[in-house]
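Participant: Pasting a structure below so you can have a look.
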Amino acid sequence: MKRFFAVLGVSVLAVGAVQAAEFADVDTDADGSVSLDEAVSQMPDLTEDAFLSADVNEDGALSPDEFASMKN
């Protein structure tokens with residue numbers, strides 16, 4: 001239960017960072033997806049756990065839809 005609340009708290013912080021970022025700005029190599037490195041470079045408060053939670057298809061990158069889901 002403690003882990004759940006810890007992840008929830010970190011996710012809330014990460015969402016704040018994501019709200020300030022737009023997909024096109026974060027996708028610096030313009031390949032149509034956002035890698036963890038790209039995301040963290042634009043949103044330093046984003047944790048790997050939050051990124052991996054958003055990566056629904058587990059391909060190691062965020063699609064525009066996965067990225068948008070972090071904003072909701």
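Chain labels A, B, ... are given in the sequence in which chains occur in the structure tokens; within each chain residues are numbered consecutively from 1, and ligands are likewise numbered from 1 in the order shown.
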Could you pull the residues within 10 Å of Ser35 of chain A, counting only C-alpha atoms, minus those fewer than 3 positions along the same chain, as a PyMOL selection string?

Facilitator: chain A and resi 26-29+31-32+38-41+51+55+59-63

Participant: Given only C-alpha atoms as the basis, pick out the residue of A:Asp65, A:Ala21, A:Met70, A:Asp37 nearest to Ser53 of chain A.

Facilitator: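 Distance minimum relative to Ser53 of chain A lands on A:Met70.
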
Participant: Have a look at atom CA of Leu46 of chain A and atom CA of Lys71 of chain A and let me know their distance in Å, one decimal.

Facilitator: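 Between atom CA of Leu46 of chain A and atom CA of Lys71 of chain A the gap works out to 12.1 Å.
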
Participant: Please indicate the distance in Å from atom CA of Ala30 of chain A to atom CA of Asp49 of chain A, rounded to one decimal place.

Facilitator: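 Between atom CA of Ala30 of chain A and atom CA of Asp49 of chain A the gap works out to 23.6 Å.
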
Participant: Using only C-alpha atoms, pick whichever of A:Phe67, A:Ala50, A:Asn72, A:Met43 has the shortest atom-to-atom distance to Phe23 of chain A.

Facilitator: A:Phe67

Participant: Distance atom CA of Gln42 of chain A-atom CA of Pro64 of chain A, one decimal place?

Facilitator: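 Going from atom CA of Gln42 of chain A over to atom CA of Pro64 of chain A covers 15.5 Å.
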
Participant: Taking the DSSP assignment computed from this structure's backbone, write out as a PyMOL selection string all residues of segment 13-63 of chain A that belong to helix (DSSP H, G or I).

Facilitator: chain A and resi 13-19+23-26+36-42+48-54
